[in-house]
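These notes are about the structure you will find just below.
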Amino acid sequence: MPTQTDSDKDRKQRSAWSRLRELLILAVVGVLVAVGVRAYVLQTFYIPSGSMEQTLLIDDKVLVDKISYRMGSPERGEIVVFRPPSGWTVGANQEFIKRVVGVAGDRVVCCDGTNRITVNGRALDEDYLFRGDGPSDRTFDVTVPAGSVFLLGDHRSASADSRAHLDVNGGTVPVDNIVGRAFATYWPPSSARMLSVPETFADVPAPH
């Protein structure tokens, strides 16, 4: 009956080690890819508060695109995740999610004769607001500086947004503080959908 030689045993041990090494390399590469994707491409974010109701509910989870703003600028109506700028009295070391209402050069005013926010003189029909909320409980007239945006939550009565920090650069947020654009919800599965820009922003003219 044939017996296993030392040479055969060595080959099998080398083969087993080779397979284990390949698996370890694949695992390390997988982790690096996942970390790279999260850092530079795509991130998930859960909704911790009711400031974006009814568009986004507490504990909803959204997908955040971190690439688009490296190649372009935020647009009115988009929902973004951002870090609060220095000078804001809440949210240090946290990330928030709000809607872009004004971009660089825009004049954002509350409110016109029919109690609507205007951007560059055009009134917004904000049908995405939380039911029963008005556009704002305070007045403001802000021209957004270059490299910044003006952000508001959809649940205006429960949102500490640009209006709460008008004394710090008119409440505007530097574009560099934006983590990325929230473009879809994925949890819970029953409410998974794309987050589109409301039609009212299509009618806003360019700043003068």
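Lettering and numbering for the structure tokens are positional, with chains as A, B, ... in the shown order, residues counted from 1 in each chain, and ligands counted from 1 in the shown order.
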Report the closest atom pair, with its distance in Å rounded to one decimal, for each residue of segment 50-147 of chain A that has an atom no farther than 12 Å from segment 170-173 of chain A; count only C-alpha atoms, sort by chain and then rising residue number, and write it as CSV.
```
residue,atom,partner,partner_atom,distance
A:Pro74,CA,A:Val173,CA,11.6
A:Val80,CA,A:Val173,CA,11.2
A:Val81,CA,A:Val173,CA,11.3
A:Phe82,CA,A:Val173,CA,8.5
A:Arg83,CA,A:Val173,CA,8.7
A:Pro84,CA,A:Val173,CA,7.2
A:Pro85,CA,A:Val173,CA,6.3
A:Ser86,CA,A:Val173,CA,9.6
A:Gly87,CA,A:Gly171,CA,9.7
A:Trp88,CA,A:Gly171,CA,8.6
A:Thr89,CA,A:Gly171,CA,11.5
A:Phe96,CA,A:Val173,CA,11.5
A:Lys98,CA,A:Val173,CA,11.0
A:Arg99,CA,A:Val173,CA,11.7
A:Val100,CA,A:Val173,CA,10.0
A:Val101,CA,A:Thr172,CA,10.5
A:Gly102,CA,A:Thr172,CA,8.9
A:Val103,CA,A:Thr172,CA,9.2
A:Ala104,CA,A:Thr172,CA,9.6
A:Gly105,CA,A:Thr172,CA,11.6
A:Asp106,CA,A:Thr172,CA,11.2
A:Arg107,CA,A:Gly170,CA,11.0
A:Val108,CA,A:Gly170,CA,10.3
A:Val109,CA,A:Gly170,CA,11.5
A:Phe140,CA,A:Gly170,CA,8.7
A:Asp141,CA,A:Gly170,CA,8.5
A:Val142,CA,A:Gly170,CA,6.0
A:Thr143,CA,A:Gly170,CA,7.9
A:Val144,CA,A:Thr172,CA,6.6
A:Pro145,CA,A:Thr172,CA,7.8
A:Ala146,CA,A:Thr172,CA,10.1
A:Gly147,CA,A:Val173,CA,8.5
```
Checklist entry - Of the candidates A:Asp60, A:Val149, A:Phe201, A:Arg138, which one gets nearest to Asn177 of chain A if we count only C-alpha atoms? => result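 That would be A:Val149, the residue with the smallest distance to Asn177 of chain A.
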Checklist entry - By how many Å are atom CA of Ile178 of chain A and atom CA of Ile97 of chain A apart? => result 9.5 Å
Checklist entry - For Ser190 of chain A, which of A:Arg76, A:Lys61, A:Thr139, A:Thr44 is the closest residue, counting only C-alpha atoms? => result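 Ranking A:Arg76, A:Lys61, A:Thr139, A:Thr44 by distance to Ser190 of chain A, first place goes to A:Lys61.
Shortest separation to Arg122 of chain A among A:Ser162, A:Ser157, A:Ser148, A:Thr200 occurs at residue A:Thr200, atoms counted being only C-alpha atoms.
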Checklist entry - Which residue, A:Ala123, A:Ile47, A:Leu42, A:Leu56, has the smallest gap to Glu95 of chain A when you use only C-alpha atoms? => result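 Under the stated criterion, the closest residue is A:Ile47.
Proximity to Asp65 of chain A was assessed for A:Ala160, A:Leu129, A:Ala182, A:Cys111 counting only C-alpha atoms; the smallest distance is recorded for A:Ala182.
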Checklist outcome for this item: One decimal place gives the atom CA of Pro198 of chain A-atom CA of Ser159 of chain A separation as 19.1 Å
Checklist entry - Running DSSP on the backbone, which parts of segment 58-150 of chain A land in alpha helix (DSSP H), as a ChimeraX atom specification? => result /A:68-71
Item to check | Interatomic distance (Å, one decimal) between atom CA of Ser191 of chain A and atom CA of Val62 of chain A | outcome: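 It comes out at 10.8 Å.
Closest to Arg181 of chain A among A:Ser49, A:Ala164, A:Leu63, A:Gln54 is A:Leu63, based on only C-alpha atoms.
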